[in-house]
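> What follows is final.cif, made up of mmCIF, C-alpha atoms:
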```cif
data_start
loop_
_atom_site.group_PDB
_atom_site.id
_atom_site.type_symbol
_atom_site.label_atom_id
_atom_site.label_comp_id
_atom_site.auth_asym_id
_atom_site.auth_seq_id
_atom_site.Cartn_x
_atom_site.Cartn_y
_atom_site.Cartn_z
ATOM 1 C CA MET W 1 20.158 -43.057 49.354
ATOM 2 C CA LYS W 2 17.266 -40.622 49.058
ATOM 3 C CA GLN W 3 19.447 -38.069 47.338
ATOM 4 C CA SER W 4 20.685 -40.655 44.864
ATOM 5 C CA HIS W 5 17.101 -41.785 44.100
ATOM 6 C CA HIS W 6 15.999 -38.186 43.561
ATOM 7 C CA SER W 7 18.897 -37.487 41.172
ATOM 8 C CA SER W 8 18.068 -40.641 39.219
ATOM 9 C CA SER W 9 14.444 -39.543 38.803
ATOM 10 C CA ARG W 10 15.526 -36.129 37.462
ATOM 11 C CA ALA W 11 17.848 -37.786 34.966
ATOM 12 C CA LEU W 12 15.002 -39.917 33.582
ATOM 13 C CA GLY W 13 12.594 -37.002 33.159
ATOM 14 C CA PHE W 14 12.245 -34.266 30.472
ATOM 15 C CA THR W 15 12.445 -30.542 30.916
ATOM 16 C CA LEU W 16 9.775 -28.279 29.394
ATOM 17 C CA ILE W 17 12.212 -27.076 26.731
ATOM 18 C CA GLU W 18 13.035 -30.660 25.763
ATOM 19 C CA LEU W 19 9.326 -31.501 25.447
ATOM 20 C CA LEU W 20 8.743 -28.446 23.247
ATOM 21 C CA VAL W 21 11.665 -29.422 21.022
ATOM 22 C CA VAL W 22 10.292 -32.956 20.653
ATOM 23 C CA ILE W 23 6.809 -31.623 19.813
ATOM 24 C CA ALA W 24 8.299 -29.230 17.243
ATOM 25 C CA ILE W 25 10.268 -32.043 15.614
ATOM 26 C CA ILE W 26 7.153 -34.228 15.462
ATOM 27 C CA GLY W 27 5.245 -31.311 13.896
ATOM 28 C CA VAL W 28 7.901 -30.825 11.220
ATOM 29 C CA LEU W 29 7.963 -34.546 10.440
ATOM 30 C CA MET W 30 4.162 -34.665 10.165
ATOM 31 C CA SER W 31 4.210 -31.612 7.885
ATOM 32 C CA LEU W 32 6.782 -33.260 5.640
ATOM 33 C CA MET W 33 4.756 -36.476 5.621
ATOM 34 C CA PHE W 34 1.524 -34.700 4.631
ATOM 35 C CA THR W 35 3.356 -32.690 1.965
ATOM 36 C CA SER W 36 4.858 -35.863 0.548
ATOM 37 C CA LEU W 37 1.463 -37.576 0.657
ATOM 38 C CA GLY W 38 -0.148 -34.640 -1.151
ATOM 39 C CA GLN W 39 2.541 -34.684 -3.809
ATOM 40 C CA SER W 40 2.094 -38.447 -4.247
ATOM 41 C CA LYS W 41 -1.646 -38.003 -4.747
ATOM 42 C CA GLU W 42 -1.002 -35.199 -7.251
ATOM 43 C CA ARG W 43 1.401 -37.394 -9.210
ATOM 44 C CA ALA W 44 -1.123 -40.237 -9.149
ATOM 45 C CA ARG W 45 -3.824 -37.950 -10.568
ATOM 46 C CA GLU W 46 -1.470 -36.657 -13.245
ATOM 47 C CA THR W 47 -0.520 -40.216 -14.173
ATOM 48 C CA ALA W 48 -4.200 -41.124 -14.508
ATOM 49 C CA CYS W 49 -4.776 -38.095 -16.762
ATOM 50 C CA MET W 50 -1.860 -39.077 -18.982
ATOM 51 C CA ASN W 51 -2.945 -42.719 -19.169
ATOM 52 C CA ASN W 52 -6.367 -41.518 -20.305
ATOM 53 C CA LEU W 53 -4.725 -39.505 -23.067
ATOM 54 C CA ARG W 54 -2.810 -42.568 -24.246
ATOM 55 C CA GLN W 55 -6.106 -44.419 -24.629
ATOM 56 C CA ILE W 56 -7.655 -41.414 -26.367
ATOM 57 C CA GLY W 57 -4.701 -41.369 -28.761
ATOM 58 C CA THR W 58 -5.296 -45.024 -29.609
ATOM 59 C CA ALA W 59 -9.004 -44.325 -30.132
ATOM 60 C CA ALA W 60 -8.254 -41.323 -32.373
ATOM 61 C CA LYS W 61 -5.896 -43.428 -34.475
ATOM 62 C CA LEU W 62 -8.516 -46.166 -34.891
ATOM 63 C CA TYR W 63 -11.046 -43.517 -35.904
ATOM 64 C CA THR W 64 -8.580 -42.053 -38.417
ATOM 65 C CA ASP W 65 -7.900 -45.472 -39.918
ATOM 66 C CA ASP W 66 -11.644 -46.035 -40.344
ATOM 67 C CA ALA W 67 -12.057 -42.555 -41.861
ATOM 68 C CA ALA W 68 -9.702 -43.138 -44.800
ATOM 69 C CA GLY W 69 -6.752 -41.553 -43.007
ATOM 70 C CA ARG W 70 -8.484 -38.360 -41.876
ATOM 71 C CA TYR W 71 -8.439 -36.960 -38.352
ATOM 72 C CA PRO W 72 -11.719 -36.817 -36.375
ATOM 73 C CA ARG W 73 -14.144 -34.070 -37.316
ATOM 74 C CA LYS W 74 -15.113 -31.520 -34.682
ATOM 75 C CA PHE W 75 -18.750 -31.182 -35.810
ATOM 76 C CA VAL W 76 -21.031 -34.199 -35.569
ATOM 77 C CA ARG W 77 -24.679 -34.906 -36.155
ATOM 78 C CA ASP W 78 -26.631 -35.878 -33.058
ATOM 79 C CA PRO W 79 -29.436 -38.221 -34.132
ATOM 80 C CA ASN W 80 -31.093 -38.226 -30.696
ATOM 81 C CA PRO W 81 -31.075 -34.712 -29.234
ATOM 82 C CA PRO W 82 -33.116 -34.083 -26.073
ATOM 83 C CA VAL W 83 -36.760 -33.096 -26.474
ATOM 84 C CA GLY W 84 -37.051 -29.422 -27.275
ATOM 85 C CA GLN W 85 -33.495 -29.086 -28.576
ATOM 86 C CA PRO W 86 -33.679 -28.598 -32.355
ATOM 87 C CA ASN W 87 -29.926 -28.311 -32.985
ATOM 88 C CA LEU W 88 -28.729 -31.559 -34.590
ATOM 89 C CA ASN W 89 -25.219 -30.387 -35.556
ATOM 90 C CA LYS W 90 -23.060 -30.335 -32.438
ATOM 91 C CA ASN W 91 -19.562 -29.088 -31.657
ATOM 92 C CA ALA W 92 -17.518 -32.007 -30.344
ATOM 93 C CA GLN W 93 -14.227 -30.126 -29.940
ATOM 94 C CA TYR W 94 -14.591 -30.205 -26.156
ATOM 95 C CA ALA W 95 -16.607 -33.413 -26.183
ATOM 96 C CA MET W 96 -15.015 -36.003 -28.484
ATOM 97 C CA GLY W 97 -15.961 -38.652 -25.941
ATOM 98 C CA GLY W 98 -17.253 -39.037 -22.406
ATOM 99 C CA GLN W 99 -20.594 -38.835 -20.650
ATOM 100 C CA GLU W 100 -23.780 -36.869 -21.258
ATOM 101 C CA PRO W 101 -23.499 -33.100 -20.822
ATOM 102 C CA SER W 102 -25.056 -31.570 -17.733
ATOM 103 C CA ASP W 103 -28.745 -30.698 -17.760
ATOM 104 C CA THR W 104 -28.149 -27.793 -15.347
ATOM 105 C CA HIS W 105 -28.188 -25.324 -18.229
ATOM 106 C CA PRO W 106 -30.129 -25.693 -21.511
ATOM 107 C CA HIS W 107 -27.078 -24.538 -23.439
ATOM 108 C CA PHE W 108 -25.063 -27.693 -22.761
ATOM 109 C CA TYR W 109 -27.353 -30.142 -24.501
ATOM 110 C CA ASP W 110 -27.984 -27.722 -27.332
ATOM 111 C CA TRP W 111 -24.292 -27.122 -28.049
ATOM 112 C CA TYR W 112 -22.521 -30.375 -27.101
ATOM 113 C CA PRO W 113 -23.339 -33.838 -28.481
ATOM 114 C CA SER W 114 -24.941 -36.548 -26.405
ATOM 115 C CA ALA W 115 -22.711 -39.457 -25.358
ATOM 116 C CA SER W 116 -23.995 -41.699 -28.159
ATOM 117 C CA ALA W 117 -22.962 -39.149 -30.820
ATOM 118 C CA ARG W 118 -19.426 -38.482 -29.552
ATOM 119 C CA PRO W 119 -16.973 -39.698 -32.205
ATOM 120 C CA LEU W 120 -14.428 -41.500 -30.007
ATOM 121 C CA ASN W 121 -16.733 -43.233 -27.512
ATOM 122 C CA PRO W 122 -17.119 -46.341 -29.717
ATOM 123 C CA TYR W 123 -13.323 -46.689 -29.827
ATOM 124 C CA THR W 124 -12.654 -46.424 -26.083
ATOM 125 C CA GLY W 125 -15.544 -48.461 -24.722
ATOM 126 C CA ASN W 126 -15.415 -46.469 -21.498
ATOM 127 C CA THR W 127 -16.744 -42.931 -21.116
ATOM 128 C CA ASN W 128 -14.586 -42.424 -17.985
ATOM 129 C CA THR W 129 -11.525 -42.383 -20.244
ATOM 130 C CA PHE W 130 -12.380 -38.728 -20.817
ATOM 131 C CA HIS W 131 -12.395 -37.856 -17.106
ATOM 132 C CA CYS W 132 -9.154 -36.398 -15.745
ATOM 133 C CA PRO W 133 -9.012 -36.562 -11.904
ATOM 134 C CA ASN W 134 -7.216 -33.200 -11.965
ATOM 135 C CA ASP W 135 -10.091 -31.497 -13.791
ATOM 136 C CA ARG W 136 -10.932 -28.646 -11.406
ATOM 137 C CA GLY W 137 -13.129 -26.853 -13.864
ATOM 138 C CA MET W 138 -13.342 -23.308 -15.134
ATOM 139 C CA THR W 139 -15.745 -20.419 -14.786
ATOM 140 C CA CYS W 140 -16.611 -20.088 -18.443
ATOM 141 C CA LEU W 141 -16.782 -22.128 -21.614
ATOM 142 C CA SER W 142 -15.730 -19.488 -24.073
ATOM 143 C CA ASP W 143 -16.626 -21.398 -27.206
ATOM 144 C CA ALA W 144 -20.231 -21.155 -26.110
ATOM 145 C CA PRO W 145 -22.491 -18.369 -27.394
ATOM 146 C CA GLY W 146 -22.744 -15.824 -24.601
ATOM 147 C CA CYS W 147 -20.049 -17.545 -22.514
ATOM 148 C CA VAL W 148 -21.860 -19.593 -19.872
ATOM 149 C CA VAL W 149 -20.356 -18.491 -16.543
ATOM 150 C CA HIS W 150 -20.394 -20.555 -13.351
ATOM 151 C CA ASP W 151 -19.276 -19.150 -10.015
ATOM 152 C CA SER W 152 -18.903 -22.528 -8.313
ATOM 153 C CA PHE W 153 -16.012 -23.707 -10.521
ATOM 154 C CA PRO W 154 -17.515 -27.082 -11.461
ATOM 155 C CA SER W 155 -15.348 -29.478 -13.421
ATOM 156 C CA THR W 156 -15.790 -29.605 -17.175
ATOM 157 C CA TRP W 157 -16.398 -33.322 -16.729
ATOM 158 C CA ASP W 158 -19.521 -32.405 -14.753
ATOM 159 C CA MET W 159 -20.569 -29.697 -17.220
ATOM 160 C CA VAL W 160 -19.597 -30.995 -20.644
ATOM 161 C CA GLY W 161 -18.934 -34.656 -19.895
ATOM 162 C CA SER W 162 -15.269 -34.500 -20.911
ATOM 163 C CA SER W 163 -12.090 -33.065 -19.388
ATOM 164 C CA TYR W 164 -10.060 -33.000 -22.614
ATOM 165 C CA HIS W 165 -10.034 -30.639 -25.582
ATOM 166 C CA TYR W 166 -9.396 -31.529 -29.208
ATOM 167 C CA ASN W 167 -6.955 -29.105 -30.867
ATOM 168 C CA ALA W 168 -9.244 -28.342 -33.783
ATOM 169 C CA GLY W 169 -9.134 -24.606 -34.351
ATOM 170 C CA ASN W 170 -10.929 -21.842 -32.463
ATOM 171 C CA LEU W 171 -7.908 -20.901 -30.394
ATOM 172 C CA ILE W 172 -9.302 -18.400 -27.937
ATOM 173 C CA ALA W 173 -8.471 -14.806 -28.799
ATOM 174 C CA PRO W 174 -7.265 -12.619 -25.908
ATOM 175 C CA LEU W 175 -9.114 -9.307 -25.703
ATOM 176 C CA SER W 176 -11.530 -10.461 -28.375
ATOM 177 C CA ILE W 177 -14.773 -12.405 -28.469
ATOM 178 C CA ASN W 178 -14.063 -13.385 -32.072
ATOM 179 C CA PRO W 179 -12.311 -16.797 -32.170
ATOM 180 C CA SER W 180 -11.197 -16.257 -35.757
ATOM 181 C CA ALA W 181 -9.257 -13.104 -34.873
ATOM 182 C CA ASN W 182 -5.572 -13.015 -35.721
ATOM 183 C CA ILE W 183 -4.074 -14.126 -32.385
ATOM 184 C CA THR W 184 -1.045 -15.858 -33.829
ATOM 185 C CA LEU W 185 2.091 -14.287 -35.260
ATOM 186 C CA GLN W 186 1.602 -16.261 -38.484
ATOM 187 C CA LEU W 187 -1.640 -16.720 -40.361
ATOM 188 C CA GLN W 188 -3.200 -20.074 -39.559
ATOM 189 C CA ALA W 189 -3.866 -22.589 -42.316
ATOM 190 C CA ASP W 190 -7.333 -23.211 -40.864
ATOM 191 C CA PRO W 191 -8.152 -21.041 -37.823
ATOM 192 C CA MET W 192 -11.693 -22.365 -37.435
ATOM 193 C CA ARG W 193 -11.159 -26.132 -37.721
ATOM 194 C CA GLY W 194 -7.435 -26.773 -37.352
ATOM 195 C CA MET W 195 -6.627 -30.454 -37.878
ATOM 196 C CA SER W 196 -10.299 -31.468 -37.868
ATOM 197 C CA GLY W 197 -11.068 -33.709 -40.838
ATOM 198 C CA LYS W 198 -7.641 -33.210 -42.396
ATOM 199 C CA PRO W 199 -5.597 -36.075 -43.893
ATOM 200 C CA GLU W 200 -2.777 -37.356 -41.700
ATOM 201 C CA ALA W 201 -0.161 -35.789 -43.993
ATOM 202 C CA TRP W 202 -1.550 -32.335 -43.125
ATOM 203 C CA VAL W 203 0.373 -32.397 -39.830
ATOM 204 C CA ASP W 204 4.030 -31.860 -40.701
ATOM 205 C CA GLU W 205 5.548 -32.675 -37.287
ATOM 206 C CA PRO W 206 3.325 -35.171 -35.450
ATOM 207 C CA ALA W 207 5.821 -35.533 -32.583
ATOM 208 C CA ARG W 208 5.300 -31.858 -31.673
ATOM 209 C CA TYR W 209 1.771 -31.172 -32.884
ATOM 210 C CA ILE W 210 -0.772 -31.116 -30.025
ATOM 211 C CA GLU W 211 -3.857 -33.248 -30.681
ATOM 212 C CA PHE W 212 -5.590 -33.348 -27.275
ATOM 213 C CA HIS W 213 -4.915 -31.459 -24.092
ATOM 214 C CA GLU W 214 -6.262 -30.120 -20.878
ATOM 215 C CA PRO W 215 -6.030 -26.336 -21.135
ATOM 216 C CA PRO W 216 -2.993 -25.110 -19.186
ATOM 217 C CA ALA W 217 -4.281 -21.527 -19.206
ATOM 218 C CA HIS W 218 -7.614 -21.254 -20.906
ATOM 219 C CA PRO W 219 -8.356 -17.575 -21.623
ATOM 220 C CA TYR W 220 -11.897 -16.289 -21.893
ATOM 221 C CA TYR W 221 -13.649 -12.967 -22.225
ATOM 222 C CA LYS W 222 -15.933 -12.352 -19.254
ATOM 223 C CA ASP W 223 -18.912 -10.135 -19.992
ATOM 224 C CA GLY W 224 -18.989 -6.927 -17.984
ATOM 225 C CA LEU W 225 -15.267 -6.842 -17.178
ATOM 226 C CA GLY W 226 -13.929 -5.956 -20.603
ATOM 227 C CA VAL W 227 -10.784 -8.012 -20.018
ATOM 228 C CA MET W 228 -9.558 -11.511 -20.604
ATOM 229 C CA LEU W 229 -9.128 -13.917 -17.704
ATOM 230 C CA TRP W 230 -6.914 -17.012 -17.648
ATOM 231 C CA SER W 231 -8.144 -20.160 -15.942
ATOM 232 C CA GLN W 232 -5.561 -22.366 -14.285
ATOM 233 C CA TRP W 233 -6.635 -25.986 -13.922
ATOM 234 C CA HIS W 234 -3.662 -27.748 -12.370
ATOM 235 C CA ARG W 235 -1.463 -26.811 -9.405
ATOM 236 C CA VAL W 236 -4.138 -24.385 -8.179
ATOM 237 C CA GLY W 237 -2.794 -21.753 -5.790
ATOM 238 C CA VAL W 238 -3.667 -20.789 -2.235
ATOM 239 C CA GLY W 239 -7.378 -20.324 -1.663
ATOM 240 C CA GLY W 240 -8.327 -22.362 -4.714
ATOM 241 C CA LEU W 241 -8.109 -19.408 -7.102
ATOM 242 C CA VAL W 242 -8.236 -20.503 -10.727
ATOM 243 C CA GLU W 243 -8.682 -17.316 -12.746
ATOM 244 C CA PHE W 244 -6.349 -14.362 -13.197
ATOM 245 C CA PRO W 245 -6.308 -11.221 -15.389
ATOM 246 C CA ASP W 246 -2.613 -11.870 -16.003
ATOM 247 C CA PRO W 247 -0.920 -15.321 -15.984
ATOM 248 C CA ALA W 248 2.047 -13.738 -14.186
ATOM 249 C CA LEU W 249 -0.200 -13.251 -11.135
ATOM 250 C CA ALA W 250 -0.913 -16.964 -10.778
ATOM 251 C CA PRO W 251 0.802 -18.505 -7.730
ATOM 252 C CA GLY W 252 1.074 -21.921 -9.360
ATOM 253 C CA ARG W 253 2.387 -23.276 -12.623
ATOM 254 C CA PHE W 254 0.310 -23.709 -15.791
ATOM 255 C CA VAL W 255 0.906 -27.415 -16.187
ATOM 256 C CA SER W 256 -1.101 -29.633 -18.507
ATOM 257 C CA PRO W 257 -1.091 -33.219 -19.827
ATOM 258 C CA ILE W 258 -0.718 -33.268 -23.604
ATOM 259 C CA LEU W 259 -1.348 -35.899 -26.290
ATOM 260 C CA PHE W 260 0.663 -35.395 -29.471
ATOM 261 C CA THR W 261 -0.407 -36.536 -32.909
ATOM 262 C CA ASP W 262 2.196 -39.304 -33.020
ATOM 263 C CA GLY W 263 0.555 -40.867 -29.944
ATOM 264 C CA HIS W 264 3.013 -39.980 -27.175
ATOM 265 C CA VAL W 265 1.957 -38.023 -24.096
ATOM 266 C CA ALA W 266 3.798 -35.615 -21.818
ATOM 267 C CA MET W 267 3.175 -33.294 -18.891
ATOM 268 C CA HIS W 268 4.220 -29.833 -20.096
ATOM 269 C CA ASP W 269 4.703 -26.579 -18.236
ATOM 270 C CA PHE W 270 3.367 -23.662 -20.284
ATOM 271 C CA SER W 271 4.063 -21.013 -17.636
ATOM 272 C CA ASP W 272 7.058 -19.371 -19.296
ATOM 273 C CA ALA W 273 5.354 -19.130 -22.689
ATOM 274 C CA LEU W 274 2.214 -17.648 -21.147
ATOM 275 C CA LYS W 275 3.995 -15.165 -18.953
ATOM 276 C CA THR W 276 6.405 -14.033 -21.674
ATOM 277 C CA ASP W 277 3.578 -12.931 -23.969
ATOM 278 C CA PRO W 278 0.088 -13.933 -22.760
ATOM 279 C CA TYR W 279 -1.531 -12.379 -25.842
ATOM 280 C CA PHE W 280 0.298 -14.710 -28.202
ATOM 281 C CA PRO W 281 0.282 -17.946 -26.172
ATOM 282 C CA TYR W 282 0.132 -20.338 -29.128
ATOM 283 C CA GLU W 283 3.483 -19.785 -30.787
ATOM 284 C CA PRO W 284 5.586 -22.906 -31.467
ATOM 285 C CA THR W 285 8.446 -23.968 -29.214
ATOM 286 C CA LYS W 286 10.923 -26.830 -29.376
ATOM 287 C CA ASP W 287 8.396 -28.926 -27.413
ATOM 288 C CA TRP W 288 5.016 -28.194 -28.997
ATOM 289 C CA ILE W 289 3.057 -26.777 -31.945
ATOM 290 C CA TRP W 290 -0.505 -25.461 -31.525
ATOM 291 C CA TYR W 291 -1.327 -24.493 -35.109
ATOM 292 C CA LYS W 292 -0.195 -24.951 -38.689
ATOM 293 C CA PRO W 293 0.721 -21.722 -40.499
ATOM 294 C CA GLN W 294 -0.356 -20.992 -44.044
#
```
Step by step, read the file and then write its structure as structure tokens.

Amino acid sequence: MKQSHHSSSRALGFTLIELLVVIAIIGVLMSLMFTSLGQSKERARETACMNNLRQIGTAAKLYTDDAAGRYPRKFVRDPNPPVGQPNLNKNAQYAMGGQEPSDTHPHFYDWYPSASARPLNPYTGNTNTFHCPNDRGMTCLSDAPGCVVHDSFPSTWDMVGSSYHYNAGNLIAPLSINPSANITLQLQADPMRGMSGKPEAWVDEPARYIEFHEPPAHPYYKDGLGVMLWSQWHRVGVGGLVEFPDPALAPGRFVSPILFTDGHVAMHDFSDALKTDPYFPYEPTKDWIWYKPQ
């Protein structure tokens, strides 16, 4: 009887190897669960960014209708600049809507319009429409005189008050601090203003022409290095790195939500185009057009 009871107890127990196998299986399942959860959160953020762009597209169309069929202008007059800031004409290319720019640097209020002067704010009714949850920021705003550099990688929503860029000229020139440099294989019809203020007929293929975007690989010239760096906003790699001297070195993909002129939005992967020839990143493909040639 005792021997039978002892054998029964051994049969109901677990060996050390069995326990380790069970723990390993639980660990793998938890890893898969957390990975799936992270991917779900990423997709939710991307969906929010794209929904914002749909609303921005509607606002831009309403603006265009009110402006006799012309696209929004990139330069606006700010009737109420902060005290001590004499510049009334502001560049709204990176700030067509959204909240007030940051007061952490005097440049922001001098260069970017206040919320009340941003052209599309009256048409959205909600400044948060211009906030993409995936906006992880960049170290430099290269359209700014002197290139304001931040080491803490704040979001552009926090700095400029908007996560989205209007495709209105000034495509950043690799290895050049001159935004009007010839960085496209064809001469641009308007390298400084792009579609800004143009009649709707100016865009030949609205289903492929980019109107608003979050930069998939924003290049900038960093003073002191003498080289261009590319900032990666989405799918940031291990360690949170967001800037690379060569897009091919980036561990993640250069993915960005895009609003096209006809009003549809898409999440596009620009990695292949950037890695094939990073110094001519704006050439047309079957999916998108960055500029209109002469």
> Take the PyMOL selection byres ((chain W and resi 116) around 12), run it mentally on this structure, and tell me the resulting residues as a list of chain:residue names.
W:Val76, W:Arg77, W:Asp78, W:Pro79, W:Asn80, W:Pro81, W:Ala92, W:Ala95, W:Met96, W:Gly97, W:Gly98, W:Gln99, W:Glu100, W:Pro101, W:Tyr112, W:Pro113, W:Ser114, W:Ala115, W:Ala117, W:Arg118, W:Pro119, W:Leu120, W:Asn121, W:Pro122, W:Tyr123, W:Gly125, W:Asn126, W:Thr127, W:Gly161
> Given only C-alpha atoms as the basis, pick out the residue of W:Thr104, W:Lys90, W:Val203, W:Met50 nearest to Ser163 in chain W.
W:Met50
> I want to know what sits within 8 Å of Pro133 in chain W, based on all atoms listed in the file, with residues of the same chain fewer than 2 positions away left out; could you give that as a PyMOL selection string?
chain W and resi 45-46+48-49+131+135
> Please evaluate the PyMOL selection byres ((chain W and resi 270-285) around 10) against the displayed coordinates and give the resulting residues as a PyMOL selection string.
chain W and resi 171-175+182-186+208-209+215-217+219+228+230+246-250+252-256+267-269+286-292
> Run the PyMOL selection byres ((chain W and resi 159) around 9) against the file shown and list the residues it catches, as a CSV table (one decimal) with C-alpha atoms, in the frame of the given file.

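File written: part29.csv
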```
chain,number,residue,atom,x,y,z
W,100,GLU,CA,-23.8,-36.9,-21.3
W,101,PRO,CA,-23.5,-33.1,-20.8
W,102,SER,CA,-25.1,-31.6,-17.7
W,103,ASP,CA,-28.7,-30.7,-17.8
W,104,THR,CA,-28.1,-27.8,-15.3
W,105,HIS,CA,-28.2,-25.3,-18.2
W,108,PHE,CA,-25.1,-27.7,-22.8
W,137,GLY,CA,-13.1,-26.9,-13.9
W,154,PRO,CA,-17.5,-27.1,-11.5
W,155,SER,CA,-15.3,-29.5,-13.4
W,156,THR,CA,-15.8,-29.6,-17.2
W,157,TRP,CA,-16.4,-33.3,-16.7
W,158,ASP,CA,-19.5,-32.4,-14.8
W,160,VAL,CA,-19.6,-31.0,-20.6
W,161,GLY,CA,-18.9,-34.7,-19.9
W,162,SER,CA,-15.3,-34.5,-20.9
```
> Pick the closest to Asn51 in chain W from W:Cys132, W:Phe212, W:Leu29, W:Ile17: which is it, counting all atoms listed in the file?
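Smallest distance to Asn51 in chain W is found for W:Cys132.
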> Could you jot down the CA of Lys74 in chain W to CA of Asn91 in chain W separation for me, Å, one decimal place?
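Straight-line distance from CA of Lys74 in chain W to CA of Asn91 in chain W works out to 5.9 Å.
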> CA of Leu259 in chain W and CA of Glu205 in chain W are how many Å apart?
13.4 Å
> Mind pulling up the distance from CA of Pro191 in chain W to CA of Glu211 in chain W?
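Calculated distance between CA of Glu211 in chain W and CA of Pro191 in chain W is 14.8 Å.
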> Just checking: using only C-alpha atoms, which residue out of W:Pro199, W:Gly57, W:Gly194, W:Gly69 ends up closest to Tyr164 in chain W?
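Closest residue, counting only C-alpha atoms: W:Gly57.
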> With all atoms of range 281-285 of chain W from the file as input, state the centre and edge lengths in Å to one decimal of the axis-aligned box that has 8 Å extra on each side, as lines of an AutoDock Vina configuration file.

```
center_x = 4.3
center_y = -21.0
center_z = -28.8
size_x = 24.3
size_y = 22.0
size_z = 21.3
```
> Quick one: of W:Gly169, W:Pro206, W:Gly263, W:Gly197, who's nearest to Thr64 in chain W, counting only C-alpha atoms?
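Looking at the shortest contact to Thr64 in chain W, the residue is W:Gly197.
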